[in-house]
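Visitor: Sending over my_file-v2.pdb (PDB, C-alpha atoms, pLDDT in the B column).
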```
ATOM      1  CA  MET A1314       0.000   0.000   0.000  1.00 78.00           C
ATOM      2  CA  SER A1315       0.977   3.583  -0.449  1.00 89.00           C
ATOM      3  CA  ILE A1316      -0.502   7.038  -0.056  1.00 96.00           C
ATOM      4  CA  SER A1317      -3.331   7.597  -2.550  1.00 96.00           C
ATOM      5  CA  PRO A1318      -2.873  10.542  -4.941  1.00 95.00           C
ATOM      6  CA  THR A1319      -6.308  11.971  -4.279  1.00 97.00           C
ATOM      7  CA  PRO A1320      -7.571  15.125  -6.049  1.00 97.00           C
ATOM      8  CA  ARG A1321      -8.173  18.450  -4.376  1.00 97.00           C
ATOM      9  CA  PRO A1322     -10.874  18.329  -1.695  1.00 98.00           C
ATOM     10  CA  PRO A1323     -13.754  18.072  -1.193  1.00 98.00           C
ATOM     11  CA  TYR A1324     -14.258  14.332  -1.562  1.00 98.00           C
ATOM     12  CA  ILE A1325     -15.478  11.481   0.636  1.00 98.00           C
ATOM     13  CA  ALA A1326     -13.320   9.307   2.913  1.00 98.00           C
ATOM     14  CA  VAL A1327     -14.776   6.062   4.265  1.00 98.00           C
ATOM     15  CA  ILE A1328     -12.776   5.116   7.370  1.00 98.00           C
ATOM     16  CA  PHE A1329     -13.132   1.417   8.165  1.00 97.00           C
ATOM     17  CA  SER A1330     -11.508   0.499  11.505  1.00 98.00           C
ATOM     18  CA  ASN A1331     -11.648  -3.184  12.304  1.00 97.00           C
ATOM     19  CA  GLN A1332     -10.428  -6.022  14.463  1.00 97.00           C
ATOM     20  CA  ARG A1333      -9.991  -9.371  12.726  1.00 96.00           C
ATOM     21  CA  GLU A1334     -10.855 -12.715  14.210  1.00 95.00           C
ATOM     22  CA  GLU A1335      -7.988 -15.174  13.843  1.00 94.00           C
ATOM     23  CA  VAL A1336      -9.859 -17.353  11.382  1.00 95.00           C
ATOM     24  CA  ASP A1337      -9.883 -18.127   7.661  1.00 94.00           C
ATOM     25  CA  GLU A1338      -6.733 -16.159   6.841  1.00 93.00           C
ATOM     26  CA  LYS A1339      -6.613 -17.445   3.277  1.00 96.00           C
ATOM     27  CA  GLY A1340     -10.253 -16.797   2.432  1.00 96.00           C
ATOM     28  CA  TYR A1341     -10.099 -13.355   3.993  1.00 96.00           C
ATOM     29  CA  ALA A1342      -6.927 -12.354   2.157  1.00 95.00           C
ATOM     30  CA  GLN A1343      -8.317 -13.487  -1.179  1.00 97.00           C
ATOM     31  CA  THR A1344     -11.590 -11.615  -0.721  1.00 96.00           C
ATOM     32  CA  ALA A1345      -9.783  -8.506   0.526  1.00 95.00           C
ATOM     33  CA  ASP A1346      -7.654  -8.460  -2.622  1.00 95.00           C
ATOM     34  CA  GLU A1347     -10.723  -8.997  -4.800  1.00 97.00           C
ATOM     35  CA  MET A1348     -12.579  -6.146  -3.072  1.00 96.00           C
ATOM     36  CA  VAL A1349      -9.679  -3.726  -3.609  1.00 95.00           C
ATOM     37  CA  ALA A1350      -9.588  -4.683  -7.301  1.00 96.00           C
ATOM     38  CA  LEU A1351     -13.365  -4.387  -7.612  1.00 97.00           C
ATOM     39  CA  ALA A1352     -13.565  -1.059  -5.781  1.00 96.00           C
ATOM     40  CA  SER A1353     -10.961   0.425  -8.105  1.00 96.00           C
ATOM     41  CA  LYS A1354     -13.241  -0.240 -11.092  1.00 97.00           C
ATOM     42  CA  GLN A1355     -16.206   1.629  -9.618  1.00 97.00           C
ATOM     43  CA  ASP A1356     -17.268   5.004 -10.953  1.00 97.00           C
ATOM     44  CA  GLY A1357     -16.126   7.708  -8.566  1.00 98.00           C
ATOM     45  CA  TYR A1358     -13.374   5.657  -6.915  1.00 98.00           C
ATOM     46  CA  LEU A1359     -10.390   7.835  -5.997  1.00 98.00           C
ATOM     47  CA  GLY A1360      -8.091   5.524  -4.031  1.00 98.00           C
ATOM     48  CA  ILE A1361      -7.643   3.190  -1.094  1.00 97.00           C
ATOM     49  CA  GLU A1362      -5.144   2.915   1.757  1.00 97.00           C
ATOM     50  CA  SER A1363      -5.089  -0.122   4.032  1.00 97.00           C
ATOM     51  CA  VAL A1364      -2.948  -1.271   6.953  1.00 97.00           C
ATOM     52  CA  ARG A1365      -3.162  -4.159   9.391  1.00 95.00           C
ATOM     53  CA  ASP A1366      -0.756  -4.863  12.226  1.00 94.00           C
ATOM     54  CA  GLU A1367       0.309  -8.132  13.824  1.00 93.00           C
ATOM     55  CA  THR A1368      -2.498  -7.930  16.412  1.00 94.00           C
ATOM     56  CA  GLY A1369      -5.157  -8.045  13.692  1.00 95.00           C
ATOM     57  CA  PHE A1370      -6.170  -4.412  14.116  1.00 97.00           C
ATOM     58  CA  GLY A1371      -6.637  -2.698  10.776  1.00 97.00           C
ATOM     59  CA  ILE A1372      -7.635   0.588   9.196  1.00 98.00           C
ATOM     60  CA  THR A1373      -8.759   0.873   5.583  1.00 97.00           C
ATOM     61  CA  VAL A1374      -9.609   4.273   4.175  1.00 98.00           C
ATOM     62  CA  SER A1375     -11.225   4.449   0.748  1.00 98.00           C
ATOM     63  CA  TYR A1376     -11.725   7.706  -1.115  1.00 98.00           C
ATOM     64  CA  TRP A1377     -14.688   8.535  -3.323  1.00 98.00           C
ATOM     65  CA  ARG A1378     -15.883  11.400  -5.482  1.00 98.00           C
ATOM     66  CA  ASP A1379     -19.292  11.802  -3.857  1.00 98.00           C
ATOM     67  CA  GLU A1380     -22.132  10.129  -1.961  1.00 96.00           C
ATOM     68  CA  ASP A1381     -23.523   8.487  -5.099  1.00 97.00           C
ATOM     69  CA  ALA A1382     -20.232   6.675  -5.625  1.00 98.00           C
ATOM     70  CA  ILE A1383     -20.238   5.157  -2.120  1.00 96.00           C
ATOM     71  CA  LYS A1384     -23.909   4.254  -2.346  1.00 96.00           C
ATOM     72  CA  ASN A1385     -23.255   2.333  -5.554  1.00 96.00           C
ATOM     73  CA  TRP A1386     -20.234   0.604  -4.054  1.00 96.00           C
ATOM     74  CA  LYS A1387     -22.132  -0.338  -0.912  1.00 93.00           C
ATOM     75  CA  ALA A1388     -24.897  -1.852  -3.061  1.00 95.00           C
ATOM     76  CA  ASN A1389     -22.525  -3.870  -5.263  1.00 96.00           C
ATOM     77  CA  ALA A1390     -23.560  -7.545  -5.020  1.00 97.00           C
ATOM     78  CA  ASP A1391     -20.060  -8.994  -4.639  1.00 97.00           C
ATOM     79  CA  HIS A1392     -19.247  -6.334  -2.071  1.00 96.00           C
ATOM     80  CA  GLN A1393     -22.435  -7.118  -0.153  1.00 97.00           C
ATOM     81  CA  ALA A1394     -21.491 -10.811  -0.037  1.00 97.00           C
ATOM     82  CA  ALA A1395     -18.053  -9.853   1.318  1.00 96.00           C
ATOM     83  CA  GLN A1396     -19.605  -7.542   3.913  1.00 95.00           C
ATOM     84  CA  LYS A1397     -21.887 -10.347   5.065  1.00 96.00           C
ATOM     85  CA  ALA A1398     -18.939 -12.734   5.478  1.00 95.00           C
ATOM     86  CA  GLY A1399     -17.118  -9.976   7.328  1.00 94.00           C
ATOM     87  CA  ARG A1400     -19.929  -9.576   9.848  1.00 94.00           C
ATOM     88  CA  LYS A1401     -20.412 -13.315  10.240  1.00 95.00           C
ATOM     89  CA  THR A1402     -16.844 -14.613  10.249  1.00 95.00           C
ATOM     90  CA  TRP A1403     -13.887 -12.304   9.715  1.00 96.00           C
ATOM     91  CA  TYR A1404     -14.357  -9.352  12.046  1.00 97.00           C
ATOM     92  CA  ARG A1405     -14.697  -9.353  15.798  1.00 96.00           C
ATOM     93  CA  ALA A1406     -15.573  -5.671  15.685  1.00 97.00           C
ATOM     94  CA  TYR A1407     -15.553  -2.820  13.212  1.00 97.00           C
ATOM     95  CA  LYS A1408     -16.658   0.750  12.803  1.00 98.00           C
ATOM     96  CA  THR A1409     -17.293   2.506   9.505  1.00 97.00           C
ATOM     97  CA  ARG A1410     -17.215   6.292   9.472  1.00 98.00           C
ATOM     98  CA  ILE A1411     -18.272   8.280   6.427  1.00 98.00           C
ATOM     99  CA  SER A1412     -16.596  11.674   6.260  1.00 98.00           C
ATOM    100  CA  THR A1413     -16.099  14.604   3.932  1.00 98.00           C
ATOM    101  CA  VAL A1414     -12.479  15.650   3.416  1.00 98.00           C
ATOM    102  CA  THR A1415     -12.303  19.435   3.491  1.00 98.00           C
ATOM    103  CA  ARG A1416      -8.543  20.029   3.180  1.00 97.00           C
ATOM    104  CA  ASP A1417      -5.243  18.188   3.033  1.00 97.00           C
ATOM    105  CA  TYR A1418      -1.497  18.725   3.025  1.00 96.00           C
ATOM    106  CA  GLY A1419       1.526  16.497   2.844  1.00 95.00           C
ATOM    107  CA  LEU A1420       5.121  15.686   2.213  1.00 92.00           C
ATOM    108  CA  GLY A1421       6.699  13.584  -0.522  1.00 87.00           C
ATOM    109  CA  ASP A1422       4.876  11.492  -3.074  1.00 61.00           C
TER     110      ASP A1422
ATOM    111  CA  MET B1363      -4.928  -0.015  19.671  1.00 78.00           C
ATOM    112  CA  SER B1364      -8.628  -0.547  19.413  1.00 89.00           C
ATOM    113  CA  ILE B1365     -11.674   1.091  17.888  1.00 96.00           C
ATOM    114  CA  SER B1366     -12.341   4.475  19.490  1.00 96.00           C
ATOM    115  CA  PRO B1367     -15.757   4.856  21.148  1.00 95.00           C
ATOM    116  CA  THR B1368     -16.520   8.152  19.445  1.00 97.00           C
ATOM    117  CA  PRO B1369     -19.750  10.063  20.103  1.00 97.00           C
ATOM    118  CA  ARG B1370     -22.533  10.562  17.595  1.00 97.00           C
ATOM    119  CA  PRO B1371     -21.459  12.515  14.504  1.00 98.00           C
ATOM    120  CA  PRO B1372     -20.699  15.144  13.473  1.00 98.00           C
ATOM    121  CA  TYR B1373     -17.087  15.379  14.622  1.00 98.00           C
ATOM    122  CA  ILE B1374     -13.686  15.778  12.962  1.00 98.00           C
ATOM    123  CA  ALA B1375     -11.414  12.960  11.782  1.00 98.00           C
ATOM    124  CA  VAL B1376      -7.781  13.748  10.966  1.00 98.00           C
ATOM    125  CA  ILE B1377      -6.487  10.992   8.688  1.00 98.00           C
ATOM    126  CA  PHE B1378      -2.688  10.811   8.740  1.00 97.00           C
ATOM    127  CA  SER B1379      -1.311   8.355   6.147  1.00 98.00           C
ATOM    128  CA  ASN B1380       2.434   7.964   6.262  1.00 97.00           C
ATOM    129  CA  GLN B1381       5.466   6.017   5.155  1.00 97.00           C
ATOM    130  CA  ARG B1382       8.253   5.705   7.713  1.00 96.00           C
ATOM    131  CA  GLU B1383      11.943   5.893   6.930  1.00 95.00           C
ATOM    132  CA  GLU B1384      13.831   2.992   8.474  1.00 94.00           C
ATOM    133  CA  VAL B1385      15.686   5.196  10.939  1.00 94.00           C
ATOM    134  CA  ASP B1386      15.621   6.063  14.638  1.00 94.00           C
ATOM    135  CA  GLU B1387      13.111   3.390  15.607  1.00 93.00           C
ATOM    136  CA  LYS B1388      13.578   4.011  19.309  1.00 96.00           C
ATOM    137  CA  GLY B1389      13.290   7.791  19.204  1.00 96.00           C
ATOM    138  CA  TYR B1390      10.289   7.583  16.914  1.00 95.00           C
ATOM    139  CA  ALA B1391       8.460   5.043  19.089  1.00 95.00           C
ATOM    140  CA  GLN B1392       9.049   7.079  22.225  1.00 97.00           C
ATOM    141  CA  THR B1393       7.804  10.297  20.640  1.00 96.00           C
ATOM    142  CA  ALA B1394       4.807   8.540  19.078  1.00 95.00           C
ATOM    143  CA  ASP B1395       3.779   7.235  22.508  1.00 95.00           C
ATOM    144  CA  GLU B1396       4.261  10.683  24.033  1.00 97.00           C
ATOM    145  CA  MET B1397       2.140  12.313  21.338  1.00 96.00           C
ATOM    146  CA  VAL B1398      -0.722   9.860  21.872  1.00 95.00           C
ATOM    147  CA  ALA B1399      -0.595  10.564  25.618  1.00 96.00           C
ATOM    148  CA  LEU B1400      -0.409  14.318  25.046  1.00 97.00           C
ATOM    149  CA  ALA B1401      -3.215  14.367  22.465  1.00 96.00           C
ATOM    150  CA  SER B1402      -5.520  12.540  24.853  1.00 96.00           C
ATOM    151  CA  LYS B1403      -5.177  15.396  27.349  1.00 97.00           C
ATOM    152  CA  GLN B1404      -6.257  18.083  24.887  1.00 97.00           C
ATOM    153  CA  ASP B1405      -9.642  19.710  25.117  1.00 97.00           C
ATOM    154  CA  GLY B1406     -11.913  18.294  22.438  1.00 98.00           C
ATOM    155  CA  TYR B1407      -9.962  15.048  21.962  1.00 98.00           C
ATOM    156  CA  LEU B1408     -12.305  12.136  21.188  1.00 98.00           C
ATOM    157  CA  GLY B1409      -9.982   9.249  20.393  1.00 98.00           C
ATOM    158  CA  ILE B1410      -7.161   7.897  18.246  1.00 97.00           C
ATOM    159  CA  GLU B1411      -6.634   4.771  16.154  1.00 97.00           C
ATOM    160  CA  SER B1412      -3.221   3.904  14.754  1.00 96.00           C
ATOM    161  CA  VAL B1413      -1.797   1.032  12.723  1.00 97.00           C
ATOM    162  CA  ARG B1414       1.559   0.385  11.076  1.00 95.00           C
ATOM    163  CA  ASP B1415       2.500  -2.682   9.080  1.00 94.00           C
ATOM    164  CA  GLU B1416       5.849  -4.376   8.583  1.00 93.00           C
ATOM    165  CA  THR B1417       6.615  -2.273   5.483  1.00 94.00           C
ATOM    166  CA  GLY B1418       6.513   0.951   7.523  1.00 95.00           C
ATOM    167  CA  PHE B1419       3.242   2.135   6.016  1.00 97.00           C
ATOM    168  CA  GLY B1420       0.935   3.546   8.663  1.00 97.00           C
ATOM    169  CA  ILE B1421      -2.442   5.179   9.142  1.00 98.00           C
ATOM    170  CA  THR B1422      -3.332   7.163  12.253  1.00 97.00           C
ATOM    171  CA  VAL B1423      -6.810   8.626  12.591  1.00 98.00           C
ATOM    172  CA  SER B1424      -7.473  11.022  15.450  1.00 98.00           C
ATOM    173  CA  TYR B1425     -10.956  12.235  16.321  1.00 98.00           C
ATOM    174  CA  TRP B1426     -11.814  15.709  17.587  1.00 98.00           C
ATOM    175  CA  ARG B1427     -14.877  17.621  18.695  1.00 98.00           C
ATOM    176  CA  ASP B1428     -14.435  20.576  16.332  1.00 98.00           C
ATOM    177  CA  GLU B1429     -12.025  22.732  14.341  1.00 96.00           C
ATOM    178  CA  ASP B1430     -10.893  24.683  17.405  1.00 97.00           C
ATOM    179  CA  ALA B1431      -9.721  21.463  19.036  1.00 98.00           C
ATOM    180  CA  ILE B1432      -7.504  20.491  16.081  1.00 96.00           C
ATOM    181  CA  LYS B1433      -6.151  24.024  15.747  1.00 96.00           C
ATOM    182  CA  ASN B1434      -5.074  23.982  19.392  1.00 96.00           C
ATOM    183  CA  TRP B1435      -3.513  20.544  19.014  1.00 96.00           C
ATOM    184  CA  LYS B1436      -1.666  21.548  15.849  1.00 93.00           C
ATOM    185  CA  ALA B1437      -0.276  24.608  17.667  1.00 95.00           C
ATOM    186  CA  ASN B1438       0.880  22.662  20.760  1.00 96.00           C
ATOM    187  CA  ALA B1439       4.636  23.279  21.190  1.00 97.00           C
ATOM    188  CA  ASP B1440       5.626  19.659  21.901  1.00 97.00           C
ATOM    189  CA  HIS B1441       3.484  18.499  19.006  1.00 96.00           C
ATOM    190  CA  GLN B1442       5.111  21.055  16.710  1.00 97.00           C
ATOM    191  CA  ALA B1443       8.567  19.779  17.679  1.00 97.00           C
ATOM    192  CA  ALA B1444       7.448  16.225  16.912  1.00 96.00           C
ATOM    193  CA  GLN B1445       5.992  17.317  13.570  1.00 95.00           C
ATOM    194  CA  LYS B1446       9.274  18.977  12.657  1.00 96.00           C
ATOM    195  CA  ALA B1447      11.245  15.815  13.482  1.00 95.00           C
ATOM    196  CA  GLY B1448       8.711  13.867  11.431  1.00 94.00           C
ATOM    197  CA  ARG B1449       9.257  16.013   8.370  1.00 94.00           C
ATOM    198  CA  LYS B1450      13.035  16.042   8.775  1.00 95.00           C
ATOM    199  CA  THR B1451      13.783  12.481   9.852  1.00 95.00           C
ATOM    200  CA  TRP B1452      11.036   9.955  10.434  1.00 96.00           C
ATOM    201  CA  TYR B1453       8.727  10.116   7.425  1.00 97.00           C
ATOM    202  CA  ARG B1454       9.583   9.538   3.798  1.00 96.00           C
ATOM    203  CA  ALA B1455       6.124  10.737   2.830  1.00 97.00           C
ATOM    204  CA  TYR B1456       2.836  11.563   4.476  1.00 97.00           C
ATOM    205  CA  LYS B1457      -0.545  13.039   3.769  1.00 98.00           C
ATOM    206  CA  THR B1458      -2.863  14.608   6.325  1.00 97.00           C
ATOM    207  CA  ARG B1459      -6.538  14.882   5.465  1.00 98.00           C
ATOM    208  CA  ILE B1460      -8.975  16.801   7.650  1.00 98.00           C
ATOM    209  CA  SER B1461     -12.520  15.527   7.342  1.00 98.00           C
ATOM    210  CA  THR B1462     -15.917  15.868   8.950  1.00 98.00           C
ATOM    211  CA  VAL B1463     -17.555  12.588   9.957  1.00 98.00           C
ATOM    212  CA  THR B1464     -21.219  12.740   9.030  1.00 98.00           C
ATOM    213  CA  ARG B1465     -22.394   9.234   9.991  1.00 97.00           C
ATOM    214  CA  ASP B1466     -21.108   5.922  11.271  1.00 97.00           C
ATOM    215  CA  TYR B1467     -22.170   2.358  11.946  1.00 96.00           C
ATOM    216  CA  GLY B1468     -20.462  -0.700  13.296  1.00 95.00           C
ATOM    217  CA  LEU B1469     -20.340  -4.113  14.859  1.00 92.00           C
ATOM    218  CA  GLY B1470     -19.157  -5.147  18.315  1.00 87.00           C
ATOM    219  CA  ASP B1471     -17.393  -2.909  20.781  1.00 61.00           C
TER     220      ASP B1471
END
```
Re-express the file's structure as structure tokens.
Guide:
Amino acid sequence: MSISPTPRPPYIAVIFSNQREEVDEKGYAQTADEMVALASKQDGYLGIESVRDETGFGITVSYWRDEDAIKNWKANADHQAAQKAGRKTWYRAYKTRISTVTRDYGLGD
Amino acid sequence: MSISPTPRPPYIAVIFSNQREEVDEKGYAQTADEMVALASKQDGYLGIESVRDETGFGITVSYWRDEDAIKNWKANADHQAAQKAGRKTWYRAYKTRISTVTRDYGLGD
């Protein structure tokens, strides 16, 4: 992963903080990769950044042009199946926060 | 780290995505711990979530009551010294995005 080259604000950031259960590592990893690939094909997708540490705590932030883009992504059938498996099997806890980025600044690439 | 028990939106999320240089691990870790402790004492602080993976890519999201709270935190002298060391030494690249959380939902604690 690396820092997403997002456009000038405003845009939407979906902050997904989560704690993995220690189960089904292979199935989870495969679906996670598929979801990143699928998200990147959606209209209005701007980027994704994702980190998980050795304790299973993770943060994924995806960036989107507007509310319509995240509504469409949330309704995507393959994504809905992955979300269901996440609730049932992969995550012990999670919180999703939808936010509007109003400004940014940085260093390097 | 765990998922922050933030109040009902709206509130501010500061998304700090960063790539560490492989230098000064000890000094960085000590300052990072100090900054988390210091942030939590600021007026308007709501929580912090932070993850770094084995490649040195990290995401830290801190949550704040309002713009005044993040302005005060950004202006804190110890925090400014840490930011300067970050730019000079610890980070190869970073991006800070200030956003307003408009809604959230979750599972578990």
Visitor: Using only C-alpha atoms, select each residue of chain B with any atom at most 8 Å away from an atom of chain A, and give the selection as a ChimeraX atom specification.
Guide: /B:1363-1365,1375,1379-1381,1411-1416,1419-1421,1449,1454-1471
Visitor: Find the spatial neighbours of Asn1438 in chain B, counting all atoms listed in the file, within a cut-off of 12 Å - ignore same-chain residues fewer than 6 positions away - and output them as a list in words.
Guide: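 Returned residues: Met1397, Leu1400, Ala1401, Lys1403, Gln1404, Asp1405, Ala1431, Ile1432, Ala1444 and Gln1445 of chain B.
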Visitor: Produce the least-squares-superposed copy of chain B, fitted on chain A over all in-order C-alpha pairs, as a PDB file with C-alpha atoms, in the coordinates of the input.
Guide:
```pdb
ATOM      1  CA  MET B1363      -0.014  -0.007  -0.041  1.00 78.00           C
ATOM      2  CA  SER B1364       0.971   3.584  -0.460  1.00 89.00           C
ATOM      3  CA  ILE B1365      -0.505   7.040  -0.062  1.00 96.00           C
ATOM      4  CA  SER B1366      -3.339   7.600  -2.535  1.00 96.00           C
ATOM      5  CA  PRO B1367      -2.868  10.536  -4.927  1.00 95.00           C
ATOM      6  CA  THR B1368      -6.309  11.976  -4.271  1.00 97.00           C
ATOM      7  CA  PRO B1369      -7.557  15.109  -6.044  1.00 97.00           C
ATOM      8  CA  ARG B1370      -8.179  18.447  -4.385  1.00 97.00           C
ATOM      9  CA  PRO B1371     -10.880  18.328  -1.699  1.00 98.00           C
ATOM     10  CA  PRO B1372     -13.749  18.075  -1.193  1.00 98.00           C
ATOM     11  CA  TYR B1373     -14.244  14.328  -1.565  1.00 98.00           C
ATOM     12  CA  ILE B1374     -15.467  11.476   0.638  1.00 98.00           C
ATOM     13  CA  ALA B1375     -13.318   9.314   2.919  1.00 98.00           C
ATOM     14  CA  VAL B1376     -14.770   6.070   4.279  1.00 98.00           C
ATOM     15  CA  ILE B1377     -12.776   5.123   7.376  1.00 98.00           C
ATOM     16  CA  PHE B1378     -13.130   1.423   8.183  1.00 97.00           C
ATOM     17  CA  SER B1379     -11.505   0.498  11.523  1.00 98.00           C
ATOM     18  CA  ASN B1380     -11.635  -3.184  12.309  1.00 97.00           C
ATOM     19  CA  GLN B1381     -10.420  -6.020  14.474  1.00 97.00           C
ATOM     20  CA  ARG B1382      -9.969  -9.358  12.723  1.00 96.00           C
ATOM     21  CA  GLU B1383     -10.842 -12.719  14.208  1.00 95.00           C
ATOM     22  CA  GLU B1384      -7.976 -15.173  13.848  1.00 94.00           C
ATOM     23  CA  VAL B1385      -9.844 -17.364  11.381  1.00 94.00           C
ATOM     24  CA  ASP B1386      -9.883 -18.115   7.656  1.00 94.00           C
ATOM     25  CA  GLU B1387      -6.736 -16.160   6.845  1.00 93.00           C
ATOM     26  CA  LYS B1388      -6.612 -17.448   3.291  1.00 96.00           C
ATOM     27  CA  GLY B1389     -10.247 -16.809   2.419  1.00 96.00           C
ATOM     28  CA  TYR B1390     -10.109 -13.375   3.995  1.00 95.00           C
ATOM     29  CA  ALA B1391      -6.929 -12.357   2.156  1.00 95.00           C
ATOM     30  CA  GLN B1392      -8.311 -13.501  -1.177  1.00 97.00           C
ATOM     31  CA  THR B1393     -11.583 -11.630  -0.717  1.00 96.00           C
ATOM     32  CA  ALA B1394      -9.793  -8.513   0.544  1.00 95.00           C
ATOM     33  CA  ASP B1395      -7.653  -8.462  -2.609  1.00 95.00           C
ATOM     34  CA  GLU B1396     -10.729  -8.988  -4.780  1.00 97.00           C
ATOM     35  CA  MET B1397     -12.578  -6.145  -3.074  1.00 96.00           C
ATOM     36  CA  VAL B1398      -9.686  -3.725  -3.601  1.00 95.00           C
ATOM     37  CA  ALA B1399      -9.585  -4.688  -7.290  1.00 96.00           C
ATOM     38  CA  LEU B1400     -13.362  -4.396  -7.612  1.00 97.00           C
ATOM     39  CA  ALA B1401     -13.562  -1.058  -5.780  1.00 96.00           C
ATOM     40  CA  SER B1402     -10.959   0.432  -8.094  1.00 96.00           C
ATOM     41  CA  LYS B1403     -13.235  -0.247 -11.071  1.00 97.00           C
ATOM     42  CA  GLN B1404     -16.204   1.629  -9.618  1.00 97.00           C
ATOM     43  CA  ASP B1405     -17.247   4.989 -10.951  1.00 97.00           C
ATOM     44  CA  GLY B1406     -16.128   7.704  -8.559  1.00 98.00           C
ATOM     45  CA  TYR B1407     -13.369   5.645  -6.911  1.00 98.00           C
ATOM     46  CA  LEU B1408     -10.387   7.837  -5.978  1.00 98.00           C
ATOM     47  CA  GLY B1409      -8.096   5.527  -4.034  1.00 98.00           C
ATOM     48  CA  ILE B1410      -7.649   3.197  -1.073  1.00 97.00           C
ATOM     49  CA  GLU B1411      -5.149   2.914   1.772  1.00 97.00           C
ATOM     50  CA  SER B1412      -5.094  -0.124   4.036  1.00 96.00           C
ATOM     51  CA  VAL B1413      -2.954  -1.267   6.955  1.00 97.00           C
ATOM     52  CA  ARG B1414      -3.157  -4.171   9.387  1.00 95.00           C
ATOM     53  CA  ASP B1415      -0.753  -4.872  12.216  1.00 94.00           C
ATOM     54  CA  GLU B1416       0.303  -8.140  13.810  1.00 93.00           C
ATOM     55  CA  THR B1417      -2.501  -7.946  16.403  1.00 94.00           C
ATOM     56  CA  GLY B1418      -5.167  -8.053  13.675  1.00 95.00           C
ATOM     57  CA  PHE B1419      -6.168  -4.423  14.117  1.00 97.00           C
ATOM     58  CA  GLY B1420      -6.639  -2.706  10.778  1.00 97.00           C
ATOM     59  CA  ILE B1421      -7.636   0.588   9.210  1.00 98.00           C
ATOM     60  CA  THR B1422      -8.763   0.875   5.596  1.00 97.00           C
ATOM     61  CA  VAL B1423      -9.610   4.285   4.181  1.00 98.00           C
ATOM     62  CA  SER B1424     -11.222   4.450   0.756  1.00 98.00           C
ATOM     63  CA  TYR B1425     -11.713   7.714  -1.106  1.00 98.00           C
ATOM     64  CA  TRP B1426     -14.679   8.547  -3.323  1.00 98.00           C
ATOM     65  CA  ARG B1427     -15.855  11.410  -5.488  1.00 98.00           C
ATOM     66  CA  ASP B1428     -19.279  11.815  -3.867  1.00 98.00           C
ATOM     67  CA  GLU B1429     -22.130  10.157  -1.985  1.00 96.00           C
ATOM     68  CA  ASP B1430     -23.522   8.498  -5.113  1.00 97.00           C
ATOM     69  CA  ALA B1431     -20.228   6.686  -5.632  1.00 98.00           C
ATOM     70  CA  ILE B1432     -20.235   5.169  -2.126  1.00 96.00           C
ATOM     71  CA  LYS B1433     -23.913   4.256  -2.371  1.00 96.00           C
ATOM     72  CA  ASN B1434     -23.247   2.333  -5.581  1.00 96.00           C
ATOM     73  CA  TRP B1435     -20.227   0.610  -4.062  1.00 96.00           C
ATOM     74  CA  LYS B1436     -22.135  -0.323  -0.912  1.00 93.00           C
ATOM     75  CA  ALA B1437     -24.902  -1.833  -3.073  1.00 95.00           C
ATOM     76  CA  ASN B1438     -22.525  -3.868  -5.286  1.00 96.00           C
ATOM     77  CA  ALA B1439     -23.564  -7.547  -5.038  1.00 97.00           C
ATOM     78  CA  ASP B1440     -20.053  -8.997  -4.629  1.00 97.00           C
ATOM     79  CA  HIS B1441     -19.246  -6.332  -2.067  1.00 96.00           C
ATOM     80  CA  GLN B1442     -22.438  -7.124  -0.160  1.00 97.00           C
ATOM     81  CA  ALA B1443     -21.489 -10.811  -0.031  1.00 97.00           C
ATOM     82  CA  ALA B1444     -18.058  -9.861   1.311  1.00 96.00           C
ATOM     83  CA  GLN B1445     -19.620  -7.552   3.901  1.00 95.00           C
ATOM     84  CA  LYS B1446     -21.886 -10.356   5.068  1.00 96.00           C
ATOM     85  CA  ALA B1447     -18.934 -12.741   5.469  1.00 95.00           C
ATOM     86  CA  GLY B1448     -17.129  -9.971   7.337  1.00 94.00           C
ATOM     87  CA  ARG B1449     -19.934  -9.570   9.836  1.00 94.00           C
ATOM     88  CA  LYS B1450     -20.412 -13.317  10.253  1.00 95.00           C
ATOM     89  CA  THR B1451     -16.847 -14.616  10.250  1.00 95.00           C
ATOM     90  CA  TRP B1452     -13.891 -12.325   9.720  1.00 96.00           C
ATOM     91  CA  TYR B1453     -14.361  -9.355  12.036  1.00 97.00           C
ATOM     92  CA  ARG B1454     -14.698  -9.360  15.792  1.00 96.00           C
ATOM     93  CA  ALA B1455     -15.572  -5.677  15.680  1.00 97.00           C
ATOM     94  CA  TYR B1456     -15.552  -2.822  13.220  1.00 97.00           C
ATOM     95  CA  LYS B1457     -16.649   0.747  12.811  1.00 98.00           C
ATOM     96  CA  THR B1458     -17.291   2.511   9.518  1.00 97.00           C
ATOM     97  CA  ARG B1459     -17.217   6.294   9.481  1.00 98.00           C
ATOM     98  CA  ILE B1460     -18.259   8.294   6.429  1.00 98.00           C
ATOM     99  CA  SER B1461     -16.590  11.681   6.269  1.00 98.00           C
ATOM    100  CA  THR B1462     -16.094  14.607   3.938  1.00 98.00           C
ATOM    101  CA  VAL B1463     -12.476  15.656   3.424  1.00 98.00           C
ATOM    102  CA  THR B1464     -12.300  19.434   3.481  1.00 98.00           C
ATOM    103  CA  ARG B1465      -8.539  20.027   3.163  1.00 97.00           C
ATOM    104  CA  ASP B1466      -5.247  18.181   3.023  1.00 97.00           C
ATOM    105  CA  TYR B1467      -1.507  18.728   3.014  1.00 96.00           C
ATOM    106  CA  GLY B1468       1.494  16.481   2.837  1.00 95.00           C
ATOM    107  CA  LEU B1469       5.109  15.683   2.205  1.00 92.00           C
ATOM    108  CA  GLY B1470       6.678  13.615  -0.566  1.00 87.00           C
ATOM    109  CA  ASP B1471       4.791  11.515  -3.062  1.00 61.00           C
TER     110      ASP B1471
END
```
Visitor: Identify which of the residues A:Arg1378, A:Lys1397, A:Lys1339, A:His1392 lies closest to Leu1359 in chain A, counting all atoms listed in the file when measuring atom-to-atom distances.
Guide: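 Between A:Arg1378, A:Lys1397, A:Lys1339, A:His1392, the residue approaching Leu1359 in chain A most closely is A:Arg1378.
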